[in-house]
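Shown here: my_file16.cif, mmCIF, C-alpha atoms and all ligand atoms.
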data_model
#
loop_
_atom_site.label_atom_id
_atom_site.label_comp_id
_atom_site.auth_asym_id
_atom_site.auth_seq_id
_atom_site.Cartn_x
_atom_site.Cartn_y
_atom_site.Cartn_z
CA MET L 1 122.07 140.64 85.94
CA THR L 2 119.61 141.35 83.12
CA ALA L 3 118.40 138.19 81.46
CA PHE L 4 115.88 137.58 78.72
CA PHE L 5 114.18 134.33 77.79
CA VAL L 6 114.08 134.11 74.01
CA THR L 7 111.14 132.14 72.76
CA GLY L 8 108.81 132.54 69.83
CA SER L 9 105.99 131.30 67.72
CA GLY L 10 107.77 128.14 66.62
CA THR L 11 110.91 126.41 65.53
CA ASP L 12 113.13 127.94 62.84
CA ILE L 13 111.56 131.35 63.40
CA GLY L 14 114.93 133.02 63.99
CA LYS L 15 115.56 132.83 67.75
CA THR L 16 119.24 131.96 67.35
CA TYR L 17 119.63 134.52 64.56
CA VAL L 18 118.17 137.24 66.78
CA CYS L 19 120.27 136.18 69.77
CA ALA L 20 123.46 136.17 67.68
CA GLY L 21 122.78 139.64 66.28
CA LEU L 22 122.11 141.09 69.71
CA LEU L 23 125.16 139.42 71.23
CA ARG L 24 127.35 140.91 68.47
CA LEU L 25 125.81 144.35 68.90
CA TRP L 26 126.28 144.26 72.66
CA ARG L 27 129.88 143.09 72.38
CA ALA L 28 130.58 145.93 69.94
CA ARG L 29 129.22 148.30 72.57
CA GLY L 30 131.62 146.99 75.17
CA LEU L 31 129.06 145.01 77.15
CA SER L 32 129.90 141.47 78.26
CA PRO L 33 126.87 139.50 77.09
CA SER L 34 126.40 135.78 77.46
CA ALA L 35 124.01 133.18 76.13
CA PHE L 36 122.55 129.91 77.29
CA LYS L 37 120.62 127.21 75.46
CA PRO L 38 119.40 124.93 78.23
CA ALA L 39 118.32 122.14 75.89
CA VAL L 40 118.88 121.54 72.20
CA SER L 41 117.65 118.76 69.95
CA GLY L 42 119.03 117.82 66.56
CA PHE L 43 122.54 118.13 68.00
CA ASP L 44 125.09 115.96 66.21
CA ASP L 45 128.53 115.73 67.86
CA ASP L 46 130.04 115.27 64.40
CA ALA L 47 128.40 118.45 63.10
CA ALA L 48 128.63 120.58 66.22
CA ALA L 49 129.72 123.58 64.15
CA ASP L 50 126.24 123.72 62.58
CA SER L 51 124.39 123.83 65.88
CA ASP L 52 122.65 126.57 67.86
CA PRO L 53 125.27 126.38 70.63
CA ALA L 54 128.04 126.92 68.05
CA ALA L 55 126.19 129.88 66.51
CA LEU L 56 125.78 131.46 69.94
CA LEU L 57 129.43 130.82 70.79
CA ALA L 58 130.55 132.33 67.47
CA ALA L 59 128.53 135.46 68.22
CA LEU L 60 130.29 135.64 71.57
CA GLY L 61 133.67 135.27 69.88
CA LEU L 62 134.24 131.89 71.51
CA PRO L 63 135.34 128.59 69.93
CA ALA L 64 132.85 125.74 69.62
CA ASP L 65 135.06 123.33 71.55
CA PRO L 66 133.50 120.56 73.67
CA ALA L 67 133.93 122.43 76.96
CA SER L 68 132.31 125.60 75.60
CA ILE L 69 129.45 123.62 74.06
CA GLU L 70 128.88 121.82 77.36
CA ALA L 71 128.83 125.12 79.23
CA ILE L 72 126.42 126.91 76.90
CA ALA L 73 124.14 123.93 76.15
CA PRO L 74 124.31 121.22 78.81
CA PHE L 75 121.41 119.08 77.55
CA ARG L 76 121.98 117.98 73.97
CA LEU L 77 119.80 115.48 72.17
CA ARG L 78 120.54 113.82 68.86
CA ALA L 79 117.18 113.53 67.09
CA PRO L 80 115.86 116.61 65.27
CA LEU L 81 112.54 116.38 67.12
CA SER L 82 110.78 118.20 69.94
CA LEU L 83 112.64 117.82 73.24
CA ASP L 84 110.20 115.26 74.67
CA GLN L 85 110.45 113.03 71.61
CA ALA L 86 114.19 113.44 71.16
CA ALA L 87 114.81 112.63 74.84
CA ALA L 88 112.54 109.57 74.72
CA MET L 89 114.57 108.20 71.81
CA GLU L 90 117.59 108.18 74.12
CA GLY L 91 115.66 106.79 77.08
CA ARG L 92 115.94 110.18 78.78
CA CYS L 93 113.50 112.71 80.19
CA LEU L 94 114.31 116.38 80.67
CA THR L 95 112.61 117.63 83.80
CA LEU L 96 111.49 121.16 84.44
CA ASP L 97 113.49 121.23 87.69
CA VAL L 98 116.76 120.27 86.05
CA LEU L 99 116.34 122.80 83.23
CA THR L 100 115.31 125.53 85.66
CA GLN L 101 118.37 124.90 87.83
CA ALA L 102 120.62 125.07 84.78
CA CYS L 103 119.12 128.42 83.74
CA ARG L 104 119.44 129.80 87.25
CA ALA L 105 123.10 128.78 87.39
CA ALA L 106 123.73 130.49 84.03
CA ARG L 107 122.02 133.60 85.36
CA ALA L 108 124.08 133.59 88.53
CA LYS L 109 127.30 133.45 86.46
CA ALA L 110 126.37 136.23 84.00
CA TYR L 111 127.88 139.66 84.49
CA GLY L 112 126.38 141.24 81.37
CA PRO L 113 123.04 140.77 79.59
CA LEU L 114 122.16 137.09 79.24
CA LEU L 115 120.02 135.58 76.49
CA ILE L 116 118.46 132.21 77.31
CA GLU L 117 117.24 130.60 74.11
CA GLY L 118 114.40 128.14 74.42
CA ALA L 119 113.78 125.33 71.92
CA GLY L 120 110.90 125.43 69.45
CA GLY L 121 107.97 127.67 70.42
CA VAL L 122 106.20 128.73 73.61
CA MET L 123 104.20 125.55 73.96
CA SER L 124 106.80 123.08 72.72
CA PRO L 125 106.77 120.06 75.03
CA LEU L 126 109.69 119.55 77.39
CA ASN L 127 108.44 116.15 78.46
CA ASP L 128 105.09 114.36 78.82
CA SER L 129 103.56 116.96 81.14
CA GLU L 130 105.47 120.24 80.79
CA THR L 131 106.14 122.75 78.03
CA MET L 132 108.56 125.59 77.34
CA LEU L 133 106.02 127.93 78.92
CA ASP L 134 106.58 126.20 82.26
CA LEU L 135 110.32 126.82 81.93
CA VAL L 136 109.74 130.47 80.98
CA ARG L 137 107.60 130.85 84.07
CA GLN L 138 110.00 129.06 86.39
CA VAL L 139 113.05 131.01 85.18
CA GLY L 140 111.10 134.24 85.54
CA ALA L 141 113.18 136.28 83.08
CA PRO L 142 111.25 138.66 80.81
CA VAL L 143 110.60 137.30 77.35
CA LEU L 144 111.91 138.33 73.97
CA PHE L 145 109.32 136.85 71.62
CA VAL L 146 110.39 136.15 68.04
CA THR L 147 107.86 135.78 65.28
CA GLY L 148 107.84 135.99 61.48
CA SER L 149 106.10 137.85 58.67
CA TYR L 150 104.82 134.86 56.66
CA LEU L 151 101.11 134.55 55.93
CA GLY L 152 99.66 133.15 59.17
CA ALA L 153 102.36 134.59 61.40
CA LEU L 154 99.99 137.06 63.06
CA SER L 155 97.75 134.33 64.39
CA HIS L 156 100.75 132.27 65.52
CA ALA L 157 102.26 135.31 67.25
CA LEU L 158 99.06 136.37 68.97
CA THR L 159 98.39 132.80 70.08
CA GLY L 160 101.88 132.50 71.57
CA LEU L 161 101.64 135.90 73.23
CA ALA L 162 98.22 135.03 74.66
CA SER L 163 99.69 131.82 76.08
CA LEU L 164 102.51 133.75 77.71
CA ALA L 165 100.06 136.24 79.21
CA ALA L 166 97.80 133.45 80.48
CA GLY L 167 100.85 131.80 82.01
CA GLY L 168 101.77 134.99 83.84
CA ALA L 169 104.98 135.61 81.87
CA THR L 170 106.21 139.15 81.24
CA VAL L 171 107.00 139.98 77.62
CA GLN L 172 109.71 142.61 77.29
CA ALA L 173 109.69 142.90 73.50
CA VAL L 174 108.52 141.24 70.31
CA VAL L 175 110.66 140.96 67.18
CA VAL L 176 109.07 140.38 63.80
CA ASN L 177 111.88 138.64 61.94
CA GLU L 178 111.20 138.96 58.22
CA SER L 179 110.31 135.57 56.73
CA VAL L 180 111.74 134.26 53.47
CA GLU L 181 108.24 133.71 52.11
CA GLY L 182 107.59 137.29 51.08
CA SER L 183 103.88 137.43 50.37
CA VAL L 184 103.22 139.66 53.38
CA GLY L 185 105.19 142.84 54.02
CA LEU L 186 107.31 143.16 57.16
CA GLU L 187 106.03 146.65 57.98
CA GLU L 188 102.40 145.62 57.45
CA THR L 189 102.90 142.68 59.79
CA VAL L 190 104.48 144.88 62.44
CA ALA L 191 101.72 147.49 62.14
CA SER L 192 99.00 144.86 62.44
CA LEU L 193 100.68 143.18 65.41
CA ARG L 194 100.99 146.54 67.16
CA ARG L 195 97.26 147.15 66.67
CA HIS L 196 96.44 143.80 68.26
CA TYR L 197 99.15 143.68 70.91
CA ALA L 198 100.04 146.68 73.02
CA ALA L 199 101.63 145.01 76.04
CA ALA L 200 105.24 145.32 74.77
CA PRO L 201 107.18 147.09 72.02
CA VAL L 202 107.25 145.37 68.62
CA ALA L 203 110.45 145.74 66.57
CA ALA L 204 111.01 144.88 62.91
CA LEU L 205 114.03 142.92 61.75
CA PRO L 206 114.53 142.75 57.97
CA ARG L 207 116.36 139.85 56.29
CA GLU L 208 120.08 140.10 56.97
CA GLY L 209 119.30 142.72 59.62
CA SER L 210 120.77 146.23 59.51
CA GLU L 211 122.66 148.21 62.10
CA GLN L 212 119.62 150.36 62.76
CA ALA L 213 117.27 147.38 63.04
CA TRP L 214 119.53 145.65 65.55
CA ARG L 215 119.70 148.86 67.55
CA SER L 216 115.93 149.09 67.60
CA VAL L 217 115.59 145.49 68.80
CA SER L 218 118.07 146.21 71.57
CA ALA L 219 116.25 149.43 72.48
CA ALA L 220 112.94 147.54 72.60
CA LEU L 221 114.56 145.31 75.24
CA GLY L 222 115.70 148.35 77.14
CA VAL L 223 119.38 147.61 76.55
CA GLU L 224 120.84 150.88 75.31
N1 LIG H 301 116.52 137.83 59.40
C1 LIG H 301 117.20 136.79 58.88
N2 LIG H 301 118.02 137.00 57.84
C2 LIG H 301 118.72 135.98 57.32
N3 LIG H 301 118.66 134.69 57.76
C3 LIG H 301 117.86 134.44 58.80
C4 LIG H 301 117.09 135.46 59.41
N4 LIG H 301 116.38 134.89 60.41
C5 LIG H 301 116.69 133.59 60.42
N5 LIG H 301 117.57 133.30 59.46
C6 LIG H 301 118.10 131.96 59.16
O1 LIG H 301 117.00 131.04 59.21
C7 LIG H 301 117.39 129.81 59.82
C8 LIG H 301 116.51 129.52 61.03
O2 LIG H 301 116.75 130.53 62.02
P1 LIG H 301 117.19 130.15 63.50
O3 LIG H 301 118.14 128.99 63.52
O4 LIG H 301 117.65 131.41 64.15
O5 LIG H 301 115.78 129.68 64.10
P2 LIG H 301 115.44 129.20 65.59
O6 LIG H 301 114.15 129.80 65.96
O7 LIG H 301 116.60 129.49 66.46
O8 LIG H 301 115.26 127.63 65.40
P3 LIG H 301 115.31 126.46 66.54
O9 LIG H 301 113.90 126.23 66.95
O10 LIG H 301 115.91 125.30 65.81
O11 LIG H 301 116.19 126.93 67.67
C9 LIG H 301 118.88 129.94 60.15
O12 LIG H 301 119.63 129.42 59.09
C10 LIG H 301 119.07 131.46 60.23
O13 LIG H 301 120.40 131.86 59.97
MG MG H 302 117.72 128.20 67.58
#

What do you get writing this file as structure tokens?
Amino acid sequence: MTAFFVTGSGTDIGKTYVCAGLLRLWRARGLSPSAFKPAVSGFDDDAAADSDPAALLAALGLPADPASIEAIAPFRLRAPLSLDQAAAMEGRCLTLDVLTQACRAARAKAYGPLLIEGAGGVMSPLNDSETMLDLVRQVGAPVLFVTGSYLGALSHALTGLASLAAGGATVQAVVVNESVEGSVGLEETVASLRRHYAAAPVAALPREGSEQAWRSVSAALGVE
């Protein structure tokens, strides 16, 4: 079944927001989408409702109960740090093999479009020797790359996209998710990114989205 690996130029860029919007759109269209967050840091059992897994579950119309959280996000770390650092604080180490197997199992179970949300950005460390890029490559699903429109976002986006290309990953679409810091226009950012990056469609997502914007992101992915 169709799966996309959702990564981006960094943490807090809007990966979960984009996933949630697409999942809602696809459900409204009668598709049966699913989501998977192989590893999450900053996860507090006492505040599970505020987590990425809970946001993904809500978008799927599912409760954030312990069984659902375990199914959608099997590797949860407490510290709000990169995965390598958060795992080390618990005396753990997330290996590429274990994360890859978890993603493959989620893919095997999906019977509609699946969104696999990474953690942090493309080159965020998984452990002492591997990064999210290694997981993207191992899973092999085409990438939905999320970036922003803040000043500096173009360089961050192009750097991340160059890393993906160098790593042999296929990018299916790029979403420029409008940043809160509004010194650079969304449309200007999209236009500039398109001039510098022609390997995949680039869609614009304004703050709070819009029906049409969500449809264009979905179309950029080829999910009609
Ligand atoms: N287009 C948008 N309109 C309104 N709010 C947004 C938008 N994009 C992101 N946000 C908000 O910004 C915050 C950060 O976004 P989000 O959690 O999706 O980032 P992320 O890339 O998934 O971060 P992480 O690396 O922690 O997984 C969230 O509170 C989210 O709801
Ligand atoms: Mg997230």

If you take all atoms listed in the file and a cut-off of 6 Å, which residues of chain L touch ligand LIG 301 (chain H), and what are their nearest atom pairs and distances in Å to one decimal, in chain and number order, as JSON lines?
{"residue": "L:Thr11", "atom": "CA", "partner": "H:LIG301", "partner_atom": "O9", "distance": 3.3}
{"residue": "L:Asp12", "atom": "CA", "partner": "H:LIG301", "partner_atom": "O8", "distance": 3.3}
{"residue": "L:Ile13", "atom": "CA", "partner": "H:LIG301", "partner_atom": "O6", "distance": 4.0}
{"residue": "L:Gly14", "atom": "CA", "partner": "H:LIG301", "partner_atom": "O4", "distance": 3.2}
{"residue": "L:Lys15", "atom": "CA", "partner": "H:LIG301", "partner_atom": "O7", "distance": 3.7}
{"residue": "L:Thr16", "atom": "CA", "partner": "H:LIG301", "partner_atom": "O4", "distance": 3.6}
{"residue": "L:Tyr17", "atom": "CA", "partner": "H:LIG301", "partner_atom": "O4", "distance": 3.7}
{"residue": "L:Ala119", "atom": "CA", "partner": "H:LIG301", "partner_atom": "O9", "distance": 5.1}
{"residue": "L:Gly120", "atom": "CA", "partner": "H:LIG301", "partner_atom": "O9", "distance": 4.0}
{"residue": "L:Asn177", "atom": "CA", "partner": "H:LIG301", "partner_atom": "N1", "distance": 5.4}
{"residue": "L:Glu178", "atom": "CA", "partner": "H:LIG301", "partner_atom": "N1", "distance": 5.6}
{"residue": "L:Pro206", "atom": "CA", "partner": "H:LIG301", "partner_atom": "N1", "distance": 5.5}
{"residue": "L:Arg207", "atom": "CA", "partner": "H:LIG301", "partner_atom": "N2", "distance": 3.6}
{"residue": "L:Glu208", "atom": "CA", "partner": "H:LIG301", "partner_atom": "N2", "distance": 3.8}
{"residue": "L:Gly209", "atom": "CA", "partner": "H:LIG301", "partner_atom": "N1", "distance": 5.6}

**Request:** Give the residues close to ligand MG 302 (chain H), within 12 Å, counting only C-alpha atoms and all ligand atoms; write them as a PyMOL selection string.
**Result:** chain L and resi 6-8+10-20+35-43+50-56+73+80+115-121+146

**Request:** Identify, on the basis of all atoms listed in the file, every residue whose closest approach to segment 213-219 of chain L does not exceed 8 Å; exclude the query and any residue fewer than 2 positions from it along the same chain; express the result as a count of residues only.
**Result:** 16

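Among the candidates L:Thr2, L:Gln138, L:Thr189, L:Gln172, the one nearest to Tyr150 of chain L when counting only C-alpha atoms is L:Thr189.
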
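Between Pro66 of chain L and the candidates L:Val174, L:Ala141, L:Arg24, L:Ala48, the tightest atom-to-atom separation, counting only C-alpha atoms, involves L:Ala48.
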
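With atom CA of Glu181 of chain L on one side and atom CA of Leu151 of chain L on the other, the separation reads 8.1 Å.
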
Listed atoms of segment 102-117 of chain L, axis-aligned box, 3 Å per side: centre and edge lengths to one decimal in Å, as AutoDock Vina command-line options?
--center_x 122.6 --center_y 133.2 --center_z 81.3 --size_x 16.6 --size_y 22.2 --size_z 20.4

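For the choices L:Ala110, L:Val122, L:Ala105, L:Leu62, the atom-to-atom distance to Ala165 of chain L is smallest for L:Val122 when using all atoms listed in the file.
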
**Request:** Could you check which of L:Ile69, L:Leu126, L:Thr95, L:Pro201 is closest to Phe145 of chain L, using all atoms listed in the file?
**Result:** L:Pro201

**Message:** If I take atom CA of Gly30 of chain L and atom CA of Ala59 of chain L, how far is one from the other in Å, to one decimal?
**Reply:** 13.8 Å

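Interatomic distance, atom CA of Arg78 of chain L against atom CA of Gln101 of chain L: 22.1 Å.
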
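With distances taken over all atoms listed in the file, L:His196 is the one residue among L:Leu77, L:Asp134, L:His196, L:Val190 lying closest to Ala162 of chain L.
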
**Message:** If we count all atoms listed in the file and set the cut-off at 9 Å, which residues sit around Ser124 of chain L, ignoring sequence neighbours fewer than 5 positions away in its own chain? Please answer as a ChimeraX atom specification.
**Reply:** /L:10-11,82-84,119,130-133

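Comparing the minimum interatomic distances between Leu135 of chain L and each of L:Arg104, L:Glu70, L:Ser149, L:Asp45, counting only C-alpha atoms, we find that L:Arg104 sits nearest.
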